[in-house]
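Q: Input structure35.cif, format and content: mmCIF, C-alpha atoms.
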```
data_query
loop_
_atom_site.label_atom_id
_atom_site.label_comp_id
_atom_site.auth_asym_id
_atom_site.auth_seq_id
_atom_site.Cartn_x
_atom_site.Cartn_y
_atom_site.Cartn_z
CA MET O 1 -15.52 -11.08 9.48
CA GLN O 2 -17.58 -8.62 7.46
CA LYS O 3 -18.13 -9.79 3.88
CA ILE O 4 -17.59 -7.29 1.08
CA ARG O 5 -19.82 -8.18 -1.85
CA THR O 6 -17.66 -7.59 -4.92
CA ALA O 7 -18.23 -7.51 -8.68
CA LEU O 8 -15.83 -7.32 -11.62
CA LEU O 9 -16.42 -5.29 -14.77
CA SER O 10 -14.91 -8.01 -16.93
CA TYR O 11 -13.78 -11.60 -16.62
CA GLY O 12 -10.87 -11.70 -19.01
CA MET O 13 -7.26 -12.24 -18.03
CA SER O 14 -7.14 -9.59 -15.30
CA GLY O 15 -10.38 -10.71 -13.66
CA LYS O 16 -9.53 -14.40 -13.87
CA VAL O 17 -5.88 -14.05 -12.83
CA PHE O 18 -5.37 -10.96 -10.66
CA HIS O 19 -8.68 -10.52 -8.84
CA ALA O 20 -11.01 -13.51 -8.60
CA PRO O 21 -8.49 -15.89 -6.96
CA PHE O 22 -7.80 -13.41 -4.15
CA LEU O 23 -11.48 -12.56 -3.68
CA LYS O 24 -12.10 -16.29 -3.25
CA PHE O 25 -9.09 -16.83 -0.97
CA HIS O 26 -9.78 -13.90 1.37
CA SER O 27 -12.64 -14.73 3.73
CA GLY O 28 -13.67 -11.07 3.88
CA PHE O 29 -14.75 -10.91 0.23
CA GLU O 30 -17.59 -12.49 -1.69
CA LEU O 31 -17.24 -12.61 -5.48
CA VAL O 32 -20.83 -11.94 -6.56
CA GLY O 33 -20.18 -11.88 -10.28
CA ALA O 34 -18.86 -10.10 -13.36
CA TRP O 35 -20.17 -8.10 -16.30
CA GLU O 36 -19.64 -10.36 -19.32
CA ARG O 37 -20.49 -8.82 -22.67
CA THR O 38 -20.08 -11.80 -25.02
CA ARG O 39 -18.35 -14.84 -23.55
CA LYS O 40 -19.94 -16.16 -20.38
CA ASN O 41 -17.03 -17.78 -18.53
CA ILE O 42 -17.16 -16.85 -14.87
CA ARG O 43 -19.54 -19.66 -13.88
CA GLN O 44 -17.11 -22.24 -15.22
CA ASP O 45 -14.73 -21.23 -12.43
CA TYR O 46 -17.23 -19.90 -9.88
CA PRO O 47 -20.58 -21.70 -10.36
CA LYS O 48 -22.43 -19.46 -7.89
CA ALA O 49 -21.30 -16.21 -9.52
CA LYS O 50 -23.62 -14.05 -11.57
CA SER O 51 -22.93 -13.09 -15.17
CA TYR O 52 -24.31 -9.58 -15.64
CA ASN O 53 -25.49 -8.53 -19.09
CA SER O 54 -25.02 -4.80 -18.51
CA PHE O 55 -23.27 -2.34 -16.25
CA ASP O 56 -26.62 -0.98 -15.07
CA GLU O 57 -27.72 -4.46 -14.02
CA LEU O 58 -24.56 -4.77 -11.95
CA LEU O 59 -24.89 -1.29 -10.45
CA ASN O 60 -28.43 -2.02 -9.32
CA ASP O 61 -27.47 -5.23 -7.54
CA ASN O 62 -26.51 -5.51 -3.89
CA ILE O 63 -22.79 -4.82 -4.45
CA ASP O 64 -20.38 -3.16 -1.99
CA LEU O 65 -17.22 -3.01 -4.13
CA ILE O 66 -16.82 -2.70 -7.90
CA ILE O 67 -13.50 -3.52 -9.55
CA ILE O 68 -12.88 -1.52 -12.74
CA ASN O 69 -10.72 -3.92 -14.79
CA THR O 70 -11.69 -2.78 -18.28
CA PRO O 71 -9.52 -0.96 -20.89
CA VAL O 72 -7.89 2.21 -19.55
CA ALA O 73 -9.92 4.56 -21.74
CA THR O 74 -13.11 3.39 -19.96
CA HIS O 75 -11.86 3.72 -16.38
CA PHE O 76 -13.06 7.26 -15.75
CA GLU O 77 -16.59 6.70 -17.08
CA TYR O 78 -17.17 3.45 -15.20
CA ALA O 79 -15.51 4.54 -11.95
CA LYS O 80 -17.49 7.79 -11.94
CA LYS O 81 -20.79 5.92 -12.32
CA ALA O 82 -19.85 3.46 -9.58
CA LEU O 83 -18.85 6.20 -7.15
CA LEU O 84 -21.93 8.32 -7.83
CA VAL O 85 -24.21 5.49 -6.69
CA GLY O 86 -22.14 5.02 -3.54
CA LYS O 87 -20.06 1.95 -4.40
CA HIS O 88 -16.54 1.44 -3.09
CA THR O 89 -14.33 1.28 -6.18
CA LEU O 90 -11.02 -0.32 -7.10
CA VAL O 91 -9.53 0.83 -10.41
CA GLU O 92 -6.73 -0.93 -12.28
CA LYS O 93 -3.76 0.97 -13.66
CA ALA O 94 -3.52 3.27 -15.43
CA PHE O 95 -5.93 4.89 -12.97
CA THR O 96 -7.36 7.21 -15.64
CA THR O 97 -6.16 8.80 -18.88
CA THR O 98 -5.44 12.24 -17.33
CA ALA O 99 -4.63 13.70 -13.93
CA ALA O 100 -7.76 15.88 -14.17
CA GLU O 101 -9.95 12.77 -14.46
CA ALA O 102 -8.19 11.25 -11.46
CA GLU O 103 -8.85 14.37 -9.40
CA VAL O 104 -12.56 14.31 -10.31
CA LEU O 105 -12.86 10.69 -9.13
CA ASP O 106 -11.08 11.51 -5.88
CA LYS O 107 -13.46 14.41 -5.24
CA ILE O 108 -16.56 12.29 -5.89
CA ALA O 109 -15.33 9.50 -3.61
CA LYS O 110 -14.77 11.96 -0.77
CA GLU O 111 -18.16 13.59 -1.29
CA LYS O 112 -19.91 10.20 -1.29
CA GLY O 113 -17.90 8.88 1.66
CA VAL O 114 -16.74 5.75 -0.17
CA LYS O 115 -13.34 4.21 -0.71
CA LEU O 116 -11.45 4.65 -3.97
CA ALA O 117 -8.25 2.65 -4.50
CA VAL O 118 -5.85 1.97 -7.37
CA PHE O 119 -4.70 -1.58 -8.10
CA GLN O 120 -0.93 -1.16 -8.06
CA ASN O 121 -0.20 -4.77 -7.17
CA ARG O 122 3.48 -4.53 -8.14
CA ARG O 123 4.24 -2.93 -4.79
CA TRP O 124 3.70 -6.46 -3.45
CA ASP O 125 6.03 -8.19 -5.91
CA SER O 126 8.84 -10.14 -4.24
CA ASP O 127 11.56 -8.32 -6.17
CA PHE O 128 10.32 -4.82 -5.35
CA LYS O 129 9.61 -5.70 -1.71
CA THR O 130 13.24 -6.81 -1.41
CA VAL O 131 14.53 -3.61 -3.02
CA LYS O 132 12.41 -1.55 -0.63
CA ASP O 133 13.68 -3.53 2.35
CA VAL O 134 17.31 -2.88 1.34
CA VAL O 135 16.63 0.85 1.01
CA ASP O 136 14.55 1.06 4.20
CA LYS O 137 17.28 -0.65 6.21
CA ASN O 138 19.80 1.90 4.88
CA LEU O 139 22.07 -0.90 3.69
CA LEU O 140 23.38 1.28 0.85
CA GLY O 141 23.65 4.57 2.70
CA GLU O 142 22.28 7.72 1.08
CA ILE O 143 20.81 6.78 -2.31
CA VAL O 144 22.43 8.51 -5.27
CA GLU O 145 20.67 6.89 -8.22
CA ALA O 146 18.40 4.03 -9.19
CA GLU O 147 17.26 2.43 -12.42
CA PHE O 148 14.08 0.36 -12.77
CA HIS O 149 13.27 -1.66 -15.90
CA PHE O 150 10.17 -3.46 -17.16
CA ASP O 151 11.64 -4.96 -20.34
CA ARG O 152 10.43 -7.63 -22.72
CA TYR O 153 11.32 -9.05 -26.09
CA ASN O 154 8.16 -9.12 -28.17
CA PRO O 155 8.17 -7.35 -31.56
CA ASN O 156 4.60 -8.49 -32.31
CA LEU O 157 1.54 -6.35 -31.78
CA SER O 158 -0.90 -7.38 -29.06
CA PRO O 159 -4.06 -9.21 -30.19
CA LYS O 160 -5.98 -7.00 -27.77
CA THR O 161 -7.30 -4.24 -30.02
CA HIS O 162 -7.57 -1.61 -27.31
CA LYS O 163 -3.84 -1.89 -26.64
CA GLU O 164 -2.80 -1.18 -30.23
CA THR O 165 -5.34 1.36 -31.55
CA ALA O 166 -5.13 5.11 -31.17
CA ASN O 167 -7.06 5.77 -27.96
CA LYS O 168 -6.34 7.75 -24.80
CA GLY O 169 -5.44 4.67 -22.80
CA ALA O 170 -3.15 2.86 -25.24
CA GLY O 171 0.63 2.61 -25.21
CA ILE O 172 3.35 1.33 -22.94
CA LEU O 173 3.48 4.59 -20.97
CA LYS O 174 0.01 3.88 -19.58
CA ASP O 175 0.48 0.10 -19.47
CA LEU O 176 3.84 -0.69 -17.87
CA GLY O 177 4.71 2.92 -17.07
CA PRO O 178 2.31 3.18 -14.09
CA HIS O 179 3.99 0.19 -12.41
CA LEU O 180 7.46 1.72 -12.67
CA ILE O 181 6.34 5.23 -11.73
CA ASP O 182 4.30 4.05 -8.74
CA GLN O 183 7.20 1.98 -7.42
CA ALA O 184 9.57 4.93 -7.75
CA LEU O 185 7.19 7.36 -6.02
CA PHE O 186 6.41 4.83 -3.28
CA LEU O 187 10.12 4.40 -2.58
CA PHE O 188 11.49 7.91 -3.13
CA GLY O 189 8.54 10.32 -3.07
CA ILE O 190 7.62 13.08 -5.50
CA PRO O 191 10.42 14.31 -7.80
CA ASN O 192 11.16 17.93 -8.63
CA ALA O 193 11.27 17.46 -12.39
CA VAL O 194 10.81 14.95 -15.22
CA PHE O 195 12.57 14.32 -18.52
CA ALA O 196 11.32 11.63 -20.91
CA ASP O 197 11.92 10.00 -24.27
CA ILE O 198 8.79 8.22 -25.55
CA ARG O 199 8.98 6.35 -28.86
CA THR O 200 7.36 3.85 -31.20
CA THR O 201 9.80 1.11 -32.22
CA ARG O 202 7.78 -1.90 -33.47
CA ASP O 203 6.88 -2.27 -37.13
CA HIS O 204 3.29 -1.18 -37.88
CA SER O 205 2.73 0.07 -34.33
CA ILE O 206 0.82 3.33 -33.89
CA VAL O 207 1.17 3.54 -30.10
CA ASP O 208 4.19 4.25 -27.92
CA ASP O 209 6.14 1.11 -27.02
CA TYR O 210 9.38 2.49 -25.55
CA ILE O 211 9.83 4.81 -22.58
CA ASP O 212 12.90 6.24 -20.88
CA ILE O 213 11.92 8.54 -18.00
CA LEU O 214 14.23 10.45 -15.67
CA LEU O 215 12.94 11.63 -12.30
CA TYR O 216 15.04 14.39 -10.72
CA TYR O 217 15.24 14.86 -6.94
CA GLU O 218 17.40 17.18 -4.87
CA THR O 219 20.09 14.57 -4.23
CA LEU O 220 19.31 11.65 -6.51
CA ARG O 221 18.10 10.67 -9.97
CA ILE O 222 15.79 7.79 -10.89
CA ARG O 223 15.62 6.26 -14.37
CA LEU O 224 12.59 4.23 -15.50
CA LYS O 225 12.70 2.18 -18.72
CA ALA O 226 10.39 -0.17 -20.59
CA GLY O 227 10.50 -1.56 -24.11
CA PHE O 228 9.83 -4.55 -26.33
CA PHE O 229 13.28 -5.11 -27.84
CA VAL O 230 15.31 -6.42 -24.91
CA ARG O 231 16.28 -9.99 -25.74
CA GLU O 232 19.06 -10.14 -23.14
CA MET O 233 17.74 -8.92 -19.80
CA VAL O 234 19.66 -6.59 -17.53
CA PRO O 235 18.85 -6.30 -13.81
CA SER O 236 15.36 -4.84 -13.42
CA PHE O 237 16.33 -2.97 -10.26
CA VAL O 238 19.68 -1.24 -9.83
CA VAL O 239 20.13 0.98 -6.78
CA HIS O 240 23.37 2.80 -5.94
CA GLY O 241 24.04 4.50 -2.62
CA LYS O 242 27.08 6.19 -1.11
CA ASN O 243 27.99 2.95 0.66
CA GLY O 244 27.12 0.35 -1.94
CA SER O 245 24.88 -1.12 -4.62
CA PHE O 246 22.01 -3.59 -4.95
CA LEU O 247 21.14 -5.40 -8.20
CA LYS O 248 17.97 -7.46 -8.54
CA SER O 249 16.34 -9.17 -11.50
CA ARG O 250 12.57 -9.26 -11.91
CA GLY O 251 11.70 -12.59 -10.38
CA ASP O 252 8.22 -12.45 -8.85
CA VAL O 253 6.39 -15.70 -9.60
CA GLN O 254 2.82 -14.72 -8.71
CA GLU O 255 1.54 -13.79 -12.17
CA ASP O 256 2.93 -16.95 -13.79
CA ASP O 257 1.57 -19.12 -10.98
CA LEU O 258 -1.86 -17.50 -11.23
CA LYS O 259 -1.95 -18.01 -15.01
CA ILE O 260 -1.49 -21.77 -14.63
CA GLY O 261 -4.12 -21.92 -11.91
CA LYS O 262 -1.85 -22.54 -8.95
CA ARG O 263 -3.73 -22.21 -5.67
CA ILE O 264 -2.86 -19.45 -3.25
CA ASN O 265 -1.49 -20.65 0.09
CA LEU O 266 -0.06 -19.03 3.20
CA LYS O 267 3.17 -21.05 3.38
CA THR O 268 4.96 -20.82 0.04
CA TRP O 269 2.98 -18.35 -2.08
CA GLY O 270 5.15 -15.76 -3.82
CA THR O 271 8.45 -17.53 -3.13
CA GLU O 272 11.07 -16.80 -5.79
CA PRO O 273 13.66 -19.40 -6.83
CA ARG O 274 17.01 -18.82 -5.13
CA SER O 275 18.61 -18.31 -8.53
CA LYS O 276 16.85 -14.93 -8.68
CA GLU O 277 18.36 -13.56 -5.47
CA GLY O 278 19.69 -10.02 -5.65
CA LEU O 279 23.35 -9.04 -5.24
CA LEU O 280 24.21 -6.73 -2.35
CA HIS O 281 27.68 -5.14 -2.43
CA THR O 282 28.11 -2.57 0.29
CA GLU O 283 29.83 -1.44 3.46
CA PHE O 284 27.55 -1.74 6.47
CA GLU O 285 28.50 -1.22 10.11
CA GLY O 286 32.20 -1.20 9.19
CA LYS O 287 32.06 -4.46 7.23
CA ILE O 288 32.35 -4.96 3.47
CA ILE O 289 29.55 -7.23 2.23
CA ARG O 290 29.24 -8.79 -1.20
CA GLU O 291 26.63 -11.52 -1.22
CA PHE O 292 23.35 -12.67 -2.69
CA ILE O 293 20.59 -12.03 -0.18
CA PRO O 294 17.28 -13.87 0.34
CA THR O 295 14.28 -12.47 -1.49
CA ILE O 296 11.22 -11.45 0.51
CA ARG O 297 8.10 -13.35 -0.52
CA GLY O 298 5.66 -11.53 -2.77
CA ASN O 299 2.01 -11.52 -1.78
CA TYR O 300 -0.88 -9.77 -3.51
CA CYS O 301 -3.07 -11.07 -0.67
CA ASP O 302 -1.68 -8.21 1.42
CA PHE O 303 -3.22 -5.69 -0.99
CA PHE O 304 -6.66 -7.25 -0.58
CA GLU O 305 -6.24 -7.47 3.19
CA LYS O 306 -5.48 -3.75 3.34
CA LEU O 307 -8.39 -3.04 0.99
CA HIS O 308 -10.71 -4.98 3.29
CA GLU O 309 -9.45 -3.05 6.32
CA SER O 310 -9.90 0.19 4.43
CA ILE O 311 -13.58 -0.51 3.77
CA THR O 312 -14.55 -2.22 7.02
CA GLU O 313 -12.38 -0.27 9.49
CA ASN O 314 -12.10 3.05 7.62
CA LYS O 315 -8.33 2.75 7.28
CA PRO O 316 -6.42 4.32 4.36
CA GLU O 317 -6.65 2.55 1.01
CA PRO O 318 -3.63 0.34 0.16
CA VAL O 319 -2.98 2.60 -2.86
CA THR O 320 -4.86 5.87 -2.61
CA ALA O 321 -6.52 8.02 -5.25
CA GLN O 322 -3.84 10.62 -4.51
CA ASP O 323 -1.22 8.02 -5.39
CA GLY O 324 -3.06 7.57 -8.68
CA ILE O 325 -3.21 11.32 -9.27
CA ASN O 326 0.53 11.57 -8.68
CA VAL O 327 1.28 8.81 -11.20
CA MET O 328 -0.96 10.41 -13.81
CA THR O 329 0.75 13.77 -13.22
CA ILE O 330 4.15 12.18 -13.88
CA ILE O 331 2.77 10.55 -17.04
CA GLU O 332 1.47 13.88 -18.31
CA ALA O 333 4.80 15.53 -17.53
CA ALA O 334 6.61 12.74 -19.39
CA ILE O 335 4.43 13.23 -22.47
CA LYS O 336 5.05 16.99 -22.40
CA SER O 337 8.78 16.50 -21.89
CA SER O 338 9.11 14.05 -24.75
CA LYS O 339 7.24 16.36 -27.14
CA MET O 340 9.20 19.47 -26.12
CA LYS O 341 12.53 17.67 -25.60
CA LYS O 342 12.83 19.59 -22.33
CA VAL O 343 12.86 18.99 -18.59
CA VAL O 344 9.44 19.63 -17.05
CA ARG O 345 9.34 20.90 -13.49
CA LEU O 346 6.65 19.70 -11.08
CA THR O 347 4.69 21.33 -8.27
CA LEU O 348 3.23 18.18 -6.73
CA SER O 349 3.30 17.76 -2.96
CA SER O 350 3.87 14.42 -1.27
#
```
As a first step, turn the structure in this file into structure tokens.

A:
Amino acid sequence: MQKIRTALLSYGMSGKVFHAPFLKFHSGFELVGAWERTRKNIRQDYPKAKSYNSFDELLNDNIDLIIINTPVATHFEYAKKALLVGKHTLVEKAFTTTAAEAEVLDKIAKEKGVKLAVFQNRRWDSDFKTVKDVVDKNLLGEIVEAEFHFDRYNPNLSPKTHKETANKGAGILKDLGPHLIDQALFLFGIPNAVFADIRTTRDHSIVDDYIDILLYYETLRIRLKAGFFVREMVPSFVVHGKNGSFLKSRGDVQEDDLKIGKRINLKTWGTEPRSKEGLLHTEFEGKIIREFIPTIRGNYCDFFEKLHESITENKPEPVTAQDGINVMTIIEAAIKSSKMKKVVRLTLSS
């Protein structure tokens, strides 16, 4: 199997938790190293890895794939530099700070003939995979409405400065918002219009920390919500169709397992506890069904497998730059809508 020599642009939580374990597990990747500005930690976990002192040092090394896992406001600058020297590039969410930046990166990648992907790993969460399976199997009939939540209870400001200072990448809209928007677009396609309410609710916060976004389609409406003052959780996924409903809590275990250092395996990885199973209440093939249904296993390994195939076999990226452009366009429409208190119509094509 062809090895893809890969480097990270930081080795904080995202590098340590969401990327390095999968680069090690997948035999088609080689984790060469990470750019570490102050703390030199990567060799504690990966003794053979390099700790780069600068981005230029990393760029000039024999690297095939660069993972941009730095603060959102830096994504465009770093991704542009990586693409211009012919490196395949994976960018975390939010892809960029504007749709225009996303379009520039897409253009450069195509001109250079390299792959550009967005790390929207939540498509491979167990809960969302189960929701998608229910919809794909038409168990609810024609979908009328859906509501996706990414709620937390945490009134305290983040210790990560870049998340709480006034910069183009800060705020919940560009933190949790891309997950919700990407899942909605992946499941239902591009909406016709957007209405949004974006607020700041925590004491002493200067960035947005509450979003309520409505996506309007010809025959359905999708609501996306995220906030920090939800002590009692409601179902994170609620989908209603003309034949029935499906309710599912957010139950994917991968992030928590990765944070405690649990090893990835092929047999049980991403298996939710049965207590998190979603409730299906519908009429299907002439039979009324009301039961909790098994959850499909989550697996971020599938993202990296598709990324490997994209680079080595010239297949489509698991999450394309166009997907990233579409998410950023929705985000910009939401900002405009919230400021104007009006519905904003879209002209995006699927």

Q: If you apply the PyMOL selection byres ((chain O and resi 322) around 10) to this file, what residues do you get, as a tab-separated table (two decimals) with C-alpha atoms, keeping the file's coordinate frame?

A:
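Now in result.tsv:
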```tsv
chain	number	residue	atom	x	y	z
O	99	ALA	CA	-4.63	13.70	-13.93
O	102	ALA	CA	-8.19	11.25	-11.46
O	103	GLU	CA	-8.85	14.37	-9.40
O	106	ASP	CA	-11.08	11.51	-5.88
O	116	LEU	CA	-11.45	4.65	-3.97
O	117	ALA	CA	-8.25	2.65	-4.50
O	118	VAL	CA	-5.85	1.97	-7.37
O	319	VAL	CA	-2.98	2.60	-2.86
O	320	THR	CA	-4.86	5.87	-2.61
O	321	ALA	CA	-6.52	8.02	-5.25
O	323	ASP	CA	-1.22	8.02	-5.39
O	324	GLY	CA	-3.06	7.57	-8.68
O	325	ILE	CA	-3.21	11.32	-9.27
O	326	ASN	CA	0.53	11.57	-8.68
O	327	VAL	CA	1.28	8.81	-11.20
O	328	MET	CA	-0.96	10.41	-13.81
O	350	SER	CA	3.87	14.42	-1.27
```

Q: Check which residues satisfy the PyMOL selection byres ((chain O and resi 194) around 12) in the file shown, then give them as a PyMOL selection string.

A: chain O and resi 181+190-193+195-197+212-217+221-224+329-338+340-348

Q: Just to be explicit: take each residue in the selection above, keep C-alpha atoms, and write the result as a compact mmCIF listing (two decimals), in the frame of the given file.

A:
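Once written, out-v2.txt looks like this:
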```txt
# COMPACT_ATOMS: atom_id res chain seq x y z
CA ILE O 181 6.34 5.23 -11.73
CA ILE O 190 7.62 13.08 -5.50
CA PRO O 191 10.42 14.31 -7.80
CA ASN O 192 11.16 17.93 -8.63
CA ALA O 193 11.27 17.46 -12.39
CA PHE O 195 12.57 14.32 -18.52
CA ALA O 196 11.32 11.63 -20.91
CA ASP O 197 11.92 10.00 -24.27
CA ASP O 212 12.90 6.24 -20.88
CA ILE O 213 11.92 8.54 -18.00
CA LEU O 214 14.23 10.45 -15.67
CA LEU O 215 12.94 11.63 -12.30
CA TYR O 216 15.04 14.39 -10.72
CA TYR O 217 15.24 14.86 -6.94
CA ARG O 221 18.10 10.67 -9.97
CA ILE O 222 15.79 7.79 -10.89
CA ARG O 223 15.62 6.26 -14.37
CA LEU O 224 12.59 4.23 -15.50
CA THR O 329 0.75 13.77 -13.22
CA ILE O 330 4.15 12.18 -13.88
CA ILE O 331 2.77 10.55 -17.04
CA GLU O 332 1.47 13.88 -18.31
CA ALA O 333 4.80 15.53 -17.53
CA ALA O 334 6.61 12.74 -19.39
CA ILE O 335 4.43 13.23 -22.47
CA LYS O 336 5.05 16.99 -22.40
CA SER O 337 8.78 16.50 -21.89
CA SER O 338 9.11 14.05 -24.75
CA MET O 340 9.20 19.47 -26.12
CA LYS O 341 12.53 17.67 -25.60
CA LYS O 342 12.83 19.59 -22.33
CA VAL O 343 12.86 18.99 -18.59
CA VAL O 344 9.44 19.63 -17.05
CA ARG O 345 9.34 20.90 -13.49
CA LEU O 346 6.65 19.70 -11.08
CA THR O 347 4.69 21.33 -8.27
CA LEU O 348 3.23 18.18 -6.73
```

Q: Which residue out of O:Met13, O:Ile206, O:Leu220, O:Leu83 has the minimum interatomic distance to Glu145 in chain O when only C-alpha atoms are used?

A: O:Leu220

Q: Which of these, O:Ala166, O:Val239, O:Val135, O:Val72, has the shortest distance to Phe148 in chain O once you count only C-alpha atoms?

A: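 Of all the options, O:Val239 lies closest to Phe148 in chain O.
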
Q: So which residues touch Ile108 in chain O within 9 Å, counting all atoms listed in the file, skipping near sequence neighbours fewer than 4 positions away, as a list in words?

A: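 The residues that qualify are Lys80, Leu83, Leu84, Glu103, Val104, Lys112, Gly113 and Val114 of chain O.
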
Q: Quick one: distance from CA of Arg123 in chain O to CA of Phe186 in chain O in Å, one decimal?

A: 8.2 Å

Q: Which residues fall under the PyMOL selection byres ((chain O and resi 138) around 12) in this file, as a PyMOL selection string?

A: chain O and resi 131-137+139-143+239-246+282-285

Q: Please produce a file of the residues just selected, as an mmCIF file, in the coordinates of the input, where the atoms kept are C-alpha atoms.

A:
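Wrote it out as part.cif, contents follow:
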```
data_model
loop_
_atom_site.group_PDB
_atom_site.id
_atom_site.type_symbol
_atom_site.label_atom_id
_atom_site.label_comp_id
_atom_site.auth_asym_id
_atom_site.auth_seq_id
_atom_site.Cartn_x
_atom_site.Cartn_y
_atom_site.Cartn_z
ATOM 1 C CA VAL O 131 14.530 -3.610 -3.020
ATOM 2 C CA LYS O 132 12.410 -1.550 -0.630
ATOM 3 C CA ASP O 133 13.680 -3.530 2.350
ATOM 4 C CA VAL O 134 17.310 -2.880 1.340
ATOM 5 C CA VAL O 135 16.630 0.850 1.010
ATOM 6 C CA ASP O 136 14.550 1.060 4.200
ATOM 7 C CA LYS O 137 17.280 -0.650 6.210
ATOM 8 C CA LEU O 139 22.070 -0.900 3.690
ATOM 9 C CA LEU O 140 23.380 1.280 0.850
ATOM 10 C CA GLY O 141 23.650 4.570 2.700
ATOM 11 C CA GLU O 142 22.280 7.720 1.080
ATOM 12 C CA ILE O 143 20.810 6.780 -2.310
ATOM 13 C CA VAL O 239 20.130 0.980 -6.780
ATOM 14 C CA HIS O 240 23.370 2.800 -5.940
ATOM 15 C CA GLY O 241 24.040 4.500 -2.620
ATOM 16 C CA LYS O 242 27.080 6.190 -1.110
ATOM 17 C CA ASN O 243 27.990 2.950 0.660
ATOM 18 C CA GLY O 244 27.120 0.350 -1.940
ATOM 19 C CA SER O 245 24.880 -1.120 -4.620
ATOM 20 C CA PHE O 246 22.010 -3.590 -4.950
ATOM 21 C CA THR O 282 28.110 -2.570 0.290
ATOM 22 C CA GLU O 283 29.830 -1.440 3.460
ATOM 23 C CA PHE O 284 27.550 -1.740 6.470
ATOM 24 C CA GLU O 285 28.500 -1.220 10.110
#
```

Q: Would you pick out the contacts of Arg152 in chain O at 8 Å or less, using only C-alpha atoms, so that residues sharing its chain but fewer than 3 positions from it are not included, and give the list as an MDAnalysis selection string?

A: chainID O and resid 226:231 233

Q: Could you check which of O:Thr130, O:Leu266, O:Gly171, O:Asn121 is closest to Gly251 in chain O, using only C-alpha atoms?

A: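 Of O:Thr130, O:Leu266, O:Gly171, O:Asn121, the one nearest Gly251 in chain O, counting only C-alpha atoms, is O:Thr130.
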
Q: Rank O:Lys16, O:Ala7, O:Lys168, O:Phe55 by their smallest atom-to-atom distance to Gly33 in chain O, using only C-alpha atoms, and report the top residue only.

A: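 Smallest distance to Gly33 in chain O is found for O:Ala7.
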
Q: As an mmCIF file with C-alpha atoms, keeping the file's coordinate frame, please: the residues near Glu255 in chain O (cut-off 10 Å, all atoms listed in the file, same-chain neighbours under 4 positions excluded).

A:
```
data_model
loop_
_atom_site.group_PDB
_atom_site.id
_atom_site.type_symbol
_atom_site.label_atom_id
_atom_site.label_comp_id
_atom_site.auth_asym_id
_atom_site.auth_seq_id
_atom_site.Cartn_x
_atom_site.Cartn_y
_atom_site.Cartn_z
ATOM 1 C CA VAL O 17 -5.880 -14.050 -12.830
ATOM 2 C CA PHE O 18 -5.370 -10.960 -10.660
ATOM 3 C CA ASP O 125 6.030 -8.190 -5.910
ATOM 4 C CA LYS O 259 -1.950 -18.010 -15.010
ATOM 5 C CA ILE O 260 -1.490 -21.770 -14.630
ATOM 6 C CA GLY O 261 -4.120 -21.920 -11.910
ATOM 7 C CA LYS O 262 -1.850 -22.540 -8.950
ATOM 8 C CA GLY O 270 5.150 -15.760 -3.820
ATOM 9 C CA TYR O 300 -0.880 -9.770 -3.510
#
```

Q: At what distance in Å, to one decimal, does CA of Arg202 in chain O lie from CA of Pro155 in chain O?

A: 5.8 Å

Q: Which residue gives the smallest distance to Ala109 in chain O among O:Pro294, O:Arg5, O:Val85, O:Arg274, with all atoms listed in the file counted?

A: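 The closest residue to Ala109 in chain O is O:Val85.
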